[in-house]
>>> print(open('start_4.txt').read())   # compact mmCIF, C-alpha atoms
# COMPACT_ATOMS: atom_id res chain seq x y z
CA MET A 961 0.00 0.00 0.00
CA SER A 962 0.96 3.61 -0.46
CA ALA A 963 -0.68 6.47 1.37
CA TYR A 964 -1.94 10.01 1.49
CA ASP A 965 -2.49 11.88 4.70
CA SER A 966 -3.94 15.31 5.30
CA GLY A 967 -0.65 17.11 4.86
CA ARG A 968 1.49 14.78 2.81
CA ASP A 969 1.38 13.34 -0.72
CA ILE A 970 3.06 9.92 -0.60
CA ARG A 971 1.49 8.57 -3.77
CA ARG A 972 -0.86 6.22 -5.51
CA PRO A 973 -4.55 5.76 -6.53
CA GLY A 974 -7.88 4.44 -5.14
CA ARG A 975 -11.72 4.12 -5.55
CA ARG A 976 -14.45 2.63 -7.64
CA SER A 977 -17.97 3.88 -8.29
CA VAL A 978 -20.91 2.52 -6.36
CA VAL A 979 -22.66 2.64 -9.73
CA ALA A 980 -20.53 -0.33 -10.75
CA GLY A 981 -22.62 -2.37 -8.34
CA VAL A 982 -25.74 -1.34 -10.22
CA ALA A 983 -24.09 -2.28 -13.49
CA GLY A 984 -23.40 -5.71 -12.06
CA LEU A 985 -27.00 -6.05 -10.95
CA VAL A 986 -28.21 -5.24 -14.46
CA ALA A 987 -26.36 -8.32 -15.72
CA VAL A 988 -28.56 -10.70 -13.73
CA GLY A 989 -30.94 -11.01 -16.65
CA VAL A 990 -28.31 -12.73 -18.81
CA LEU A 991 -26.12 -14.53 -16.28
CA GLY A 992 -28.86 -17.02 -15.57
CA ALA A 993 -28.06 -18.66 -18.90
CA ALA A 994 -24.53 -19.55 -17.82
CA GLY A 995 -25.61 -22.60 -15.83
CA PRO A 996 -23.41 -24.67 -13.54
CA VAL A 997 -19.77 -25.39 -14.32
CA HIS A 998 -18.94 -28.92 -15.56
CA ALA A 999 -15.64 -30.76 -15.74
CA GLN A 1000 -13.88 -30.62 -19.07
CA GLY A 1001 -13.91 -33.83 -21.09
CA GLU A 1002 -17.19 -35.16 -19.67
CA SER A 1003 -18.65 -37.78 -21.99
CA ALA A 1004 -21.23 -39.44 -19.77
CA PRO A 1005 -24.81 -38.16 -19.83
CA ALA A 1006 -25.38 -35.24 -17.49
CA ALA A 1007 -27.78 -37.30 -15.38
CA ARG A 1008 -24.98 -39.74 -14.49
CA VAL A 1009 -22.35 -37.13 -13.66
CA GLN A 1010 -22.14 -35.80 -10.14
CA ARG A 1011 -19.75 -33.00 -9.47
CA VAL A 1012 -19.06 -31.92 -5.91
CA ALA A 1013 -19.40 -28.17 -5.60
CA ALA A 1014 -16.23 -26.33 -4.63
CA HIS A 1015 -15.82 -24.75 -1.21
CA ALA A 1016 -13.33 -22.42 0.44
CA ASP A 1017 -12.45 -21.23 3.92
CA LEU A 1018 -11.53 -17.87 5.35
CA LEU A 1019 -8.00 -17.17 6.53
CA ALA A 1020 -7.74 -17.43 10.31
CA PRO A 1021 -7.77 -14.23 12.38
CA THR A 1022 -4.42 -13.31 13.93
CA GLY A 1023 -5.37 -11.49 17.14
CA PRO A 1024 -4.98 -12.78 20.70
CA TYR A 1025 -8.69 -13.56 21.22
CA GLY A 1026 -10.91 -16.31 19.97
CA VAL A 1027 -14.08 -15.12 18.24
CA GLY A 1028 -17.68 -15.51 19.30
CA THR A 1029 -20.74 -14.51 17.31
CA SER A 1030 -24.48 -14.14 17.66
CA SER A 1031 -27.20 -12.86 15.32
CA LEU A 1032 -30.27 -10.79 16.08
CA ARG A 1033 -33.39 -9.73 14.21
CA MET A 1034 -34.18 -6.05 14.70
CA ALA A 1035 -37.61 -4.64 13.85
CA ASP A 1036 -38.12 -0.90 13.36
CA HIS A 1037 -41.85 -0.72 13.88
CA GLY A 1038 -41.89 3.03 13.35
CA ARG A 1039 -40.47 2.91 9.82
CA ALA A 1040 -42.05 1.68 6.61
CA ASP A 1041 -39.85 -0.47 4.40
CA PRO A 1042 -38.99 1.59 1.29
CA TRP A 1043 -38.67 -1.51 -0.92
CA LYS A 1044 -41.79 -3.45 0.14
CA ALA A 1045 -45.13 -1.66 0.39
CA GLY A 1046 -47.08 -2.50 3.53
CA GLU A 1047 -44.11 -3.86 5.47
CA ARG A 1048 -42.27 -2.35 8.43
CA ARG A 1049 -38.50 -2.25 8.28
CA GLU A 1050 -36.72 -5.36 9.64
CA LEU A 1051 -32.99 -6.08 9.70
CA MET A 1052 -30.65 -8.91 10.57
CA VAL A 1053 -27.42 -8.03 12.33
CA SER A 1054 -24.58 -10.17 13.62
CA PHE A 1055 -22.29 -9.49 16.57
CA TRP A 1056 -18.66 -10.66 16.40
CA TYR A 1057 -16.74 -10.27 19.64
CA PRO A 1058 -13.71 -11.44 21.65
CA ALA A 1059 -14.48 -14.82 23.20
CA ALA A 1060 -13.40 -15.93 26.66
CA ALA A 1061 -10.23 -18.00 26.95
CA GLY A 1062 -10.77 -21.57 25.83
CA HIS A 1063 -13.59 -20.64 23.44
CA GLY A 1064 -13.85 -19.50 19.83
CA ARG A 1065 -10.57 -20.86 18.47
CA PRO A 1066 -11.49 -23.86 16.31
CA ARG A 1067 -9.87 -24.32 12.92
CA HIS A 1068 -13.35 -23.88 11.52
CA GLY A 1069 -15.99 -22.56 13.89
CA THR A 1070 -19.44 -23.85 14.61
CA VAL A 1071 -20.94 -20.98 12.63
CA PRO A 1072 -21.37 -21.40 8.85
CA TYR A 1073 -20.47 -18.52 6.58
CA MET A 1074 -24.10 -18.30 5.47
CA GLU A 1075 -27.35 -19.87 6.59
CA PRO A 1076 -28.56 -22.68 4.26
CA LYS A 1077 -31.25 -20.80 2.32
CA ALA A 1078 -29.11 -17.68 2.08
CA ALA A 1079 -26.13 -19.70 0.82
CA ALA A 1080 -28.21 -21.40 -1.87
CA HIS A 1081 -29.63 -18.09 -3.07
CA PHE A 1082 -26.26 -16.32 -3.00
CA GLY A 1083 -24.85 -18.90 -5.42
CA SER A 1084 -27.89 -18.95 -7.71
CA ALA A 1085 -28.47 -16.97 -10.90
CA GLU A 1086 -30.35 -14.36 -8.82
CA GLY A 1087 -27.66 -14.12 -6.13
CA ALA A 1088 -24.79 -11.69 -5.71
CA ALA A 1089 -22.11 -14.31 -6.40
CA SER A 1090 -23.33 -14.26 -9.98
CA PHE A 1091 -24.69 -10.76 -10.60
CA ASN A 1092 -22.16 -8.82 -8.51
CA HIS A 1093 -19.03 -10.90 -8.94
CA GLY A 1094 -19.51 -12.89 -12.13
CA LEU A 1095 -19.03 -16.30 -10.52
CA PRO A 1096 -20.40 -19.41 -12.28
CA VAL A 1097 -23.85 -20.38 -11.06
CA GLY A 1098 -23.99 -23.44 -8.82
CA ALA A 1099 -20.26 -24.13 -8.86
CA THR A 1100 -19.66 -23.31 -5.17
CA ASP A 1101 -21.22 -24.61 -1.98
CA TRP A 1102 -21.31 -21.37 0.01
CA GLY A 1103 -22.90 -23.11 2.96
CA ALA A 1104 -19.74 -25.20 3.36
CA THR A 1105 -17.47 -22.19 3.76
CA GLY A 1106 -15.88 -22.19 7.19
CA THR A 1107 -15.56 -19.34 9.69
CA HIS A 1108 -13.49 -19.32 12.88
CA ALA A 1109 -16.22 -18.23 15.27
CA VAL A 1110 -18.29 -20.11 17.84
CA GLU A 1111 -21.99 -19.37 18.20
CA GLY A 1112 -22.80 -17.84 21.57
CA ALA A 1113 -19.30 -18.26 23.01
CA PRO A 1114 -18.80 -16.57 26.40
CA VAL A 1115 -17.62 -12.98 26.11
CA ALA A 1116 -14.01 -12.31 27.10
CA ARG A 1117 -13.51 -10.28 30.23
CA GLY A 1118 -11.82 -6.92 29.96
CA GLY A 1119 -14.44 -4.24 30.44
CA LYS A 1120 -16.09 -2.20 27.75
CA ARG A 1121 -14.78 -2.46 24.20
CA PRO A 1122 -14.93 -0.19 21.15
CA VAL A 1123 -17.64 -0.98 18.62
CA VAL A 1124 -17.26 -1.07 14.83
CA LEU A 1125 -20.26 -1.19 12.48
CA TYR A 1126 -19.81 -2.82 9.07
CA SER A 1127 -21.88 -2.21 5.92
CA ALA A 1128 -21.41 -4.33 2.78
CA GLY A 1129 -21.40 -3.22 -0.85
CA LEU A 1130 -24.49 -2.71 -2.98
CA GLY A 1131 -26.27 -6.05 -3.31
CA ASP A 1132 -23.82 -7.92 -1.07
CA PRO A 1133 -24.88 -9.66 2.16
CA ARG A 1134 -23.44 -8.74 5.55
CA THR A 1135 -21.28 -11.88 5.45
CA TRP A 1136 -19.14 -10.70 2.50
CA ASN A 1137 -16.27 -9.43 4.67
CA THR A 1138 -16.36 -11.91 7.54
CA GLY A 1139 -12.58 -12.41 7.37
CA LEU A 1140 -11.92 -8.76 8.23
CA VAL A 1141 -14.70 -8.76 10.82
CA GLU A 1142 -13.21 -11.80 12.56
CA GLU A 1143 -9.81 -10.11 12.58
CA LEU A 1144 -11.22 -7.05 14.34
CA ALA A 1145 -13.03 -9.23 16.88
CA SER A 1146 -9.83 -11.17 17.56
CA ARG A 1147 -8.14 -7.83 18.25
CA GLY A 1148 -10.64 -6.85 20.94
CA TYR A 1149 -13.43 -5.06 19.03
CA VAL A 1150 -17.13 -5.82 19.01
CA VAL A 1151 -18.17 -5.70 15.36
CA VAL A 1152 -21.79 -5.35 14.26
CA THR A 1153 -22.50 -6.37 10.66
CA VAL A 1154 -25.73 -5.04 9.14
CA ASP A 1155 -27.83 -6.51 6.33
CA HIS A 1156 -29.77 -3.91 4.33
CA THR A 1157 -32.92 -5.93 3.70
CA TYR A 1158 -34.28 -6.20 0.13
CA GLU A 1159 -31.15 -4.52 -1.21
CA ALA A 1160 -28.75 -7.22 -0.02
CA SER A 1161 -28.73 -10.26 -2.27
CA GLU A 1162 -30.66 -12.14 0.40
CA VAL A 1163 -31.38 -11.99 4.12
CA GLU A 1164 -32.41 -15.12 6.01
CA PHE A 1165 -34.50 -14.41 9.11
CA PRO A 1166 -35.15 -16.75 12.05
CA GLY A 1167 -37.66 -19.40 11.05
CA GLY A 1168 -36.26 -19.61 7.53
CA LYS A 1169 -37.93 -16.60 5.89
CA LEU A 1170 -35.73 -15.46 2.99
CA ALA A 1171 -35.93 -11.82 1.88
CA ALA A 1172 -34.38 -11.69 -1.59
CA SER A 1173 -33.16 -8.49 -3.21
CA VAL A 1174 -35.70 -6.46 -5.17
CA PHE A 1175 -32.95 -4.77 -7.20
CA PRO A 1176 -32.81 -7.26 -10.10
CA GLY A 1177 -36.51 -6.64 -10.74
CA LEU A 1178 -36.26 -2.88 -10.34
CA LEU A 1179 -33.40 -2.71 -12.79
CA GLN A 1180 -35.56 -4.26 -15.51
CA GLN A 1181 -37.90 -1.28 -15.43
CA PRO A 1182 -37.74 0.98 -18.51
CA ASP A 1183 -36.55 4.55 -17.93
CA LEU A 1184 -35.32 3.74 -14.43
CA ASP A 1185 -33.77 6.73 -12.66
CA ILE A 1186 -30.59 5.13 -11.29
CA GLY A 1187 -29.72 8.27 -9.34
CA ALA A 1188 -33.07 8.23 -7.54
CA LEU A 1189 -32.66 4.51 -6.81
CA LEU A 1190 -29.22 5.06 -5.28
CA ARG A 1191 -30.44 8.01 -3.24
CA THR A 1192 -33.20 5.85 -1.79
CA SER A 1193 -30.65 3.14 -1.09
CA MET A 1194 -28.29 5.51 0.71
CA LYS A 1195 -31.07 7.15 2.71
CA THR A 1196 -32.25 3.68 3.76
CA ARG A 1197 -28.76 2.47 4.61
CA VAL A 1198 -28.10 5.49 6.82
CA ALA A 1199 -31.47 5.08 8.54
CA ASP A 1200 -30.66 1.40 9.10
CA THR A 1201 -27.32 2.36 10.64
CA ARG A 1202 -28.82 4.93 12.98
CA PHE A 1203 -31.56 2.53 14.03
CA VAL A 1204 -28.96 -0.12 14.88
CA LEU A 1205 -27.04 2.43 16.93
CA ASP A 1206 -30.23 3.25 18.81
CA ARG A 1207 -30.82 -0.43 19.54
CA LEU A 1208 -27.29 -1.08 20.74
CA GLY A 1209 -28.02 0.97 23.82
CA ALA A 1210 -30.94 -1.29 24.78
CA LEU A 1211 -29.44 -4.75 24.23
CA HIS A 1212 -29.66 -5.68 27.90
CA HIS A 1213 -33.31 -6.59 27.14
CA GLU A 1214 -32.25 -9.17 24.54
CA ARG A 1215 -32.09 -12.52 26.33
CA SER A 1216 -31.01 -14.38 23.18
CA LEU A 1217 -27.59 -12.68 23.16
CA PRO A 1218 -24.59 -14.10 25.04
CA ARG A 1219 -24.43 -12.98 28.63
CA GLY A 1220 -22.23 -9.93 29.06
CA LEU A 1221 -22.28 -8.87 25.42
CA ALA A 1222 -24.51 -5.84 25.93
CA GLY A 1223 -22.39 -4.66 28.85
CA SER A 1224 -19.20 -4.96 26.83
CA LEU A 1225 -20.18 -2.28 24.28
CA ASP A 1226 -18.54 1.11 24.73
CA LEU A 1227 -20.93 3.31 22.76
CA ARG A 1228 -18.71 6.33 23.34
CA ARG A 1229 -16.16 4.68 21.01
CA VAL A 1230 -18.01 3.75 17.83
CA GLY A 1231 -16.41 3.45 14.41
CA MET A 1232 -17.77 2.33 11.06
CA ALA A 1233 -16.32 0.72 7.95
CA GLY A 1234 -17.74 -0.49 4.66
CA GLN A 1235 -16.82 -1.54 1.15
CA SER A 1236 -18.14 0.13 -2.03
CA ALA A 1237 -21.67 1.41 -1.22
CA GLY A 1238 -20.93 0.36 2.36
CA GLY A 1239 -17.96 2.73 2.42
CA PHE A 1240 -20.20 5.52 1.17
CA THR A 1241 -22.67 4.51 3.90
CA ALA A 1242 -19.96 4.78 6.56
CA ALA A 1243 -19.10 8.31 5.44
CA GLN A 1244 -22.70 9.49 5.09
CA ALA A 1245 -23.80 7.94 8.38
CA MET A 1246 -20.84 9.56 10.12
CA HIS A 1247 -21.84 12.90 8.56
CA ASP A 1248 -25.42 12.52 9.78
CA ASP A 1249 -24.77 10.99 13.21
CA ARG A 1250 -22.08 12.26 15.56
CA ARG A 1251 -22.10 9.04 17.57
CA ILE A 1252 -19.75 7.60 14.93
CA LYS A 1253 -16.25 8.81 15.84
CA ALA A 1254 -14.12 7.39 13.01
CA GLY A 1255 -14.79 5.74 9.65
CA ILE A 1256 -13.34 3.91 6.65
CA ASN A 1257 -14.52 3.93 3.05
CA MET A 1258 -13.14 0.99 1.08
CA ASP A 1259 -13.45 1.89 -2.60
CA GLY A 1260 -16.87 3.56 -2.54
CA GLN A 1261 -17.95 6.58 -4.57
CA MET A 1262 -19.70 9.40 -2.70
CA ASP A 1263 -21.89 10.94 -5.39
CA PHE A 1264 -24.99 10.06 -7.42
CA PRO A 1265 -25.58 9.94 -11.17
CA ASP A 1266 -28.15 12.38 -12.51
CA ALA A 1267 -31.41 11.19 -14.06
CA LYS A 1268 -30.00 11.24 -17.60
CA GLY A 1269 -26.74 9.54 -16.66
CA ARG A 1270 -24.66 12.39 -18.07
CA GLY A 1271 -23.20 13.73 -14.86
CA SER A 1272 -23.26 13.36 -11.12
CA GLU A 1273 -24.25 15.20 -7.96
CA LEU A 1274 -22.11 15.25 -4.85
CA SER A 1275 -23.51 13.82 -1.64
CA SER A 1276 -23.77 16.03 1.42
CA VAL A 1277 -20.79 14.29 3.03
CA ALA A 1278 -18.67 15.04 -0.05
CA ARG A 1279 -19.82 18.69 -0.06
CA ASP A 1280 -19.38 19.21 3.68
CA GLY A 1281 -16.54 16.82 4.53
CA LEU A 1282 -16.05 15.54 8.08
CA ASP A 1283 -14.46 16.90 11.25
CA ARG A 1284 -13.52 13.44 12.61
CA PRO A 1285 -10.94 10.90 11.42
CA PHE A 1286 -11.70 9.17 8.13
CA LEU A 1287 -9.72 6.82 5.90
CA LEU A 1288 -10.15 6.37 2.14
CA MET A 1289 -8.92 3.02 0.81
CA GLY A 1290 -8.82 2.36 -2.92
CA THR A 1291 -7.04 0.55 -5.74
CA ASP A 1292 -5.12 1.58 -8.84
CA ALA A 1293 -7.64 -0.19 -11.09
CA GLU A 1294 -9.35 1.49 -14.00
CA GLY A 1295 -12.34 3.42 -12.70
CA SER A 1296 -10.61 3.94 -9.40
CA GLY A 1297 -7.78 6.26 -8.41
CA ASP A 1298 -6.69 8.66 -5.70
CA TYR A 1299 -8.79 11.55 -4.48
CA HIS A 1300 -7.34 13.89 -7.13
CA ARG A 1301 -8.89 11.76 -9.88
CA GLN A 1302 -12.33 11.23 -8.33
CA PRO A 1303 -14.65 14.24 -7.97
CA SER A 1304 -16.49 13.02 -4.88
CA TRP A 1305 -13.30 12.00 -3.07
CA ASN A 1306 -11.59 15.22 -4.09
CA ALA A 1307 -14.47 17.32 -2.74
CA PHE A 1308 -14.53 15.29 0.47
CA TRP A 1309 -10.77 15.71 0.87
CA LYS A 1310 -10.87 19.49 0.40
CA ASN A 1311 -13.87 19.98 2.68
CA SER A 1312 -12.83 17.73 5.58
CA ARG A 1313 -11.39 19.35 8.70
CA GLY A 1314 -10.65 16.17 10.62
CA TRP A 1315 -7.67 13.86 10.11
CA HIS A 1316 -7.97 12.04 6.79
CA ALA A 1317 -5.77 9.77 4.69
CA ASN A 1318 -5.92 8.08 1.29
CA LEU A 1319 -4.40 4.61 0.79
CA THR A 1320 -4.12 2.59 -2.39
CA MET A 1321 -3.67 -1.13 -2.90
CA THR A 1322 -1.33 -1.38 -5.87
CA GLY A 1323 -2.43 -4.21 -8.17
CA GLY A 1324 -5.75 -4.63 -6.38
CA GLN A 1325 -9.31 -4.55 -7.66
CA HIS A 1326 -12.67 -3.70 -6.14
CA GLY A 1327 -13.08 -7.14 -4.57
CA SER A 1328 -9.68 -6.98 -2.88
CA TYR A 1329 -11.43 -5.31 0.07
CA THR A 1330 -13.82 -8.24 0.57
CA ASP A 1331 -13.70 -11.97 1.25
CA ALA A 1332 -13.18 -12.45 -2.49
CA ALA A 1333 -9.44 -12.01 -1.87
CA ALA A 1334 -9.29 -15.08 0.38
CA LEU A 1335 -12.02 -17.28 -1.09
CA LEU A 1336 -11.85 -16.89 -4.87
CA PRO A 1337 -8.25 -18.15 -5.32
CA GLN A 1338 -9.17 -21.36 -3.47
CA LEU A 1339 -12.25 -21.78 -5.67
CA ALA A 1340 -10.19 -21.10 -8.79
CA ARG A 1341 -7.81 -23.92 -7.87
CA GLN A 1342 -10.84 -26.24 -7.81
CA GLY A 1343 -11.99 -25.05 -11.23
CA ALA A 1344 -14.99 -23.14 -9.90
CA VAL A 1345 -13.78 -19.64 -10.86
CA PRO A 1346 -12.28 -18.87 -14.30
CA ALA A 1347 -8.90 -17.12 -14.31
CA ASP A 1348 -10.26 -13.95 -15.94
CA VAL A 1349 -13.04 -13.68 -13.37
CA LEU A 1350 -10.51 -14.11 -10.58
CA THR A 1351 -8.29 -11.31 -11.91
CA LYS A 1352 -11.27 -9.03 -12.52
CA ASN A 1353 -12.35 -9.42 -8.90
CA ILE A 1354 -9.05 -9.24 -7.01
CA GLY A 1355 -6.39 -8.07 -9.47
CA THR A 1356 -2.79 -9.22 -9.51
CA VAL A 1357 -1.71 -8.65 -5.91
CA ARG A 1358 -1.03 -11.89 -4.04
CA PRO A 1359 -4.16 -12.71 -2.02
CA GLU A 1360 -2.33 -13.27 1.27
CA ARG A 1361 -0.66 -9.88 0.86
CA SER A 1362 -3.91 -8.02 0.18
CA VAL A 1363 -5.66 -9.72 3.11
CA ALA A 1364 -2.75 -8.87 5.43
CA ALA A 1365 -2.66 -5.26 4.23
CA VAL A 1366 -6.40 -4.63 4.63
CA ARG A 1367 -6.36 -6.15 8.10
CA ALA A 1368 -3.26 -4.24 9.20
CA TYR A 1369 -4.44 -0.82 8.05
CA THR A 1370 -7.99 -1.28 9.33
CA VAL A 1371 -6.80 -2.35 12.78
CA SER A 1372 -4.18 0.41 12.84
CA PHE A 1373 -6.78 3.07 12.02
CA PHE A 1374 -9.33 2.00 14.62
CA ASP A 1375 -6.63 1.38 17.24
CA ARG A 1376 -5.39 4.93 16.71
CA TRP A 1377 -8.74 6.68 16.83
CA LEU A 1378 -10.87 4.49 19.10
CA ARG A 1379 -8.17 3.26 21.50
CA GLY A 1380 -5.44 5.87 21.40
CA ARG A 1381 -2.83 3.29 20.29
CA ASP A 1382 -0.72 4.60 17.40
CA ASP A 1383 1.58 2.08 15.69
CA HIS A 1384 2.52 4.79 13.12
CA LEU A 1385 1.58 2.58 10.17
CA LEU A 1386 -0.57 5.43 8.87
CA ASP A 1387 2.22 7.99 9.02
CA GLY A 1388 3.34 7.23 5.47
CA ALA A 1389 4.06 4.57 2.89
CA SER A 1390 5.04 1.23 4.41
CA LYS A 1391 7.92 -0.91 3.12
CA ARG A 1392 5.90 -3.92 4.28
>>> encode(input="start_4.txt", output="structure tokens")
Amino acid sequence: MSAYDSGRDIRRPGRRSVVAGVAGLVAVGVLGAAGPVHAQGESAPAARVQRVAAHADLLAPTGPYGVGTSSLRMADHGRADPWKAGERRELMVSFWYPAAAGHGRPRHGTVPYMEPKAAAHFGSAEGAASFNHGLPVGATDWGATGTHAVEGAPVARGGKRPVVLYSAGLGDPRTWNTGLVEELASRGYVVVTVDHTYEASEVEFPGGKLAASVFPGLLQQPDLDIGALLRTSMKTRVADTRFVLDRLGALHHERSLPRGLAGSLDLRRVGMAGQSAGGFTAAQAMHDDRRIKAGINMDGQMDFPDAKGRGSELSSVARDGLDRPFLLMGTDAEGSGDYHRQPSWNAFWKNSRGWHANLTMTGGQHGSYTDAAALLPQLARQGAVPADVLTKNIGTVRPERSVAAVRAYTVSFFDRWLRGRDDHLLDGASKR
């Protein structure tokens, strides 16, 4: 990685448009024809051939704690769902936290990467694996992916801990950066991952109800105003975030959560991170809600296309900037670049009064800031991901290097601004 900070130009590019997520969603209408991947040289009839779907596992977290996790349905009875007429807004969130000694350190935890129905939908022609990331339909068993967390593990002692919210990219489920989330939990943070219902590829609720994304259908509408759609999405995402923050202060009423979890949250030290549209969400939520003290945008644009698609309009966070610490993380891929090259990042940079820095992953791509970096190379080795799709998602940087870099810089940033521990990694470009 190379870096920018608020007073120093140390060099290199970074960011991709949230609109790219919409472009990926548009492709769902044709990707369904791709069908499952078959072994080369098959001569037997299809009915006689059984191919075991590929699977992959996340890289283990490196912090001193084991990881526990627990999920919770949250219902906002006072808010109508913007995507489903007649419904009130409901979310699924997951808590990832430091587990007590002797718990939460299996090679693969008791918690699957995705619930069964969600995993099946994610890998289908209508799921984000296909329409967001171009992966072959049916080639991967996403339910077999391993995490390193234990469901309901006892919470580690140590008093109150800083809290980090995580928001995924447009169309992606809250699970699509579990590797980074586990790393933060292993380092002593309580991380809350948020699913944005009916925008996320799918959300599985207790009892098995599956709420699939409405975006593929919306994007088939003639004369769709993409800018208006994205504004509704961002407004909803920020409202979801603020609602979750409200609920975090009342978790002692939730008997389904591990004992001690509610009391371990230090809501005076709240940060937020996200990838793509989730990074935009982190910035905009921080702009709108002062409870968020520090934030990270991983490769997310902060403006909206106009109705005719000929220009763009800056968001309020880009126009106003922020007065608290914020980190921009991008790549040197086409369509990305440093803040000088991106209007919304450039405006944000000029208008921000708080500490801010711009990092770039040389050789990376948009998916380098997600679990794609760890999972897709394993799937490619099993023949489930074509080489060109792999490169398009994660670029040319070695996967273990990109995973290590994202973890190191994310932990360094939140340690510095939520814990007062400065390892000086963010002072300039790192030889590592």
>>> closest_residue(input="start_4.txt", among="A:His1037, A:Trp1309, A:Gly1220, A:Asp1263", to="A:Gly1281", atoms="only C-alpha atoms")
A:Trp1309
>>> closest_residue(input="start_4.txt", among="A:Asp1155, A:Asp1382, A:Asp1387, A:Asp1292", to="A:Arg1033", atoms="all atoms listed in the file")
A:Asp1155
>>> closest_residue(input="start_4.txt", among="A:Gly1324, A:Pro1303, A:Gly1046, A:Gly1094", to="A:Ala1365", atoms="all atoms listed in the file")
A:Gly1324
>>> residues_near_point(input="start_4.txt", point="(-6.7, -3.7, 5.2)", cutoff="10 Å", atoms="all atoms listed in the file", output="list in words")
Met961, Leu1140, Met1258, Met1289, Leu1319, Met1321, Ser1328, Tyr1329, Thr1330, Arg1361, Ser1362, Val1363, Ala1364, Ala1365, Val1366, Arg1367, Ala1368, Tyr1369, Thr1370, Val1371, Ser1372 and Phe1373 of chain A
>>> atom_distance(input="start_4.txt", atom1="atom CA of A:Trp1377", atom2="atom CA of A:Trp1315")
9.9 Å
>>> residues_near_point(input="start_4.txt", point="(-24.9, -7.4, -2.4)", cutoff="6 Å", atoms="only C-alpha atoms", output="MDAnalysis selection string")
chainID A and resid 1088 1129:1133 1160:1161
>>> closest_atom_pairs(input="start_4.txt", of="stretch 1127-1200 of chain A", to="stretch 1019-1024 of chain A", cutoff="6 Å", atoms="only C-alpha atoms", output="tab-separated table")
residue	atom	partner	partner_atom	distance
A:Glu1142	CA	A:Pro1021	CA	6.0
A:Glu1143	CA	A:Pro1021	CA	4.6
A:Ser1146	CA	A:Gly1023	CA	4.5
A:Arg1147	CA	A:Gly1023	CA	4.7
>>> closest_residue(input="start_4.txt", among="A:Ala1013, A:Pro1076, A:Gly1323, A:Gly1314", to="A:Gly1098", atoms="all atoms listed in the file")
A:Ala1013
>>> residues_around(input="start_4.txt", residues="A:Asp1331", least_positions_apart="4", cutoff="7 Å", atoms="all atoms listed in the file", output="MDAnalysis selection string")
chainID A and resid 1136:1139 1335
>>> axis_aligned_box(input="start_4.txt", around="stretch 1358-1373 of chain A", padding_each_side="5 Å", output="JSON")
{"center_x": -4.3, "center_y": -5.1, "center_z": 4.4, "size_x": 17.3, "size_y": 26.3, "size_z": 26.9}
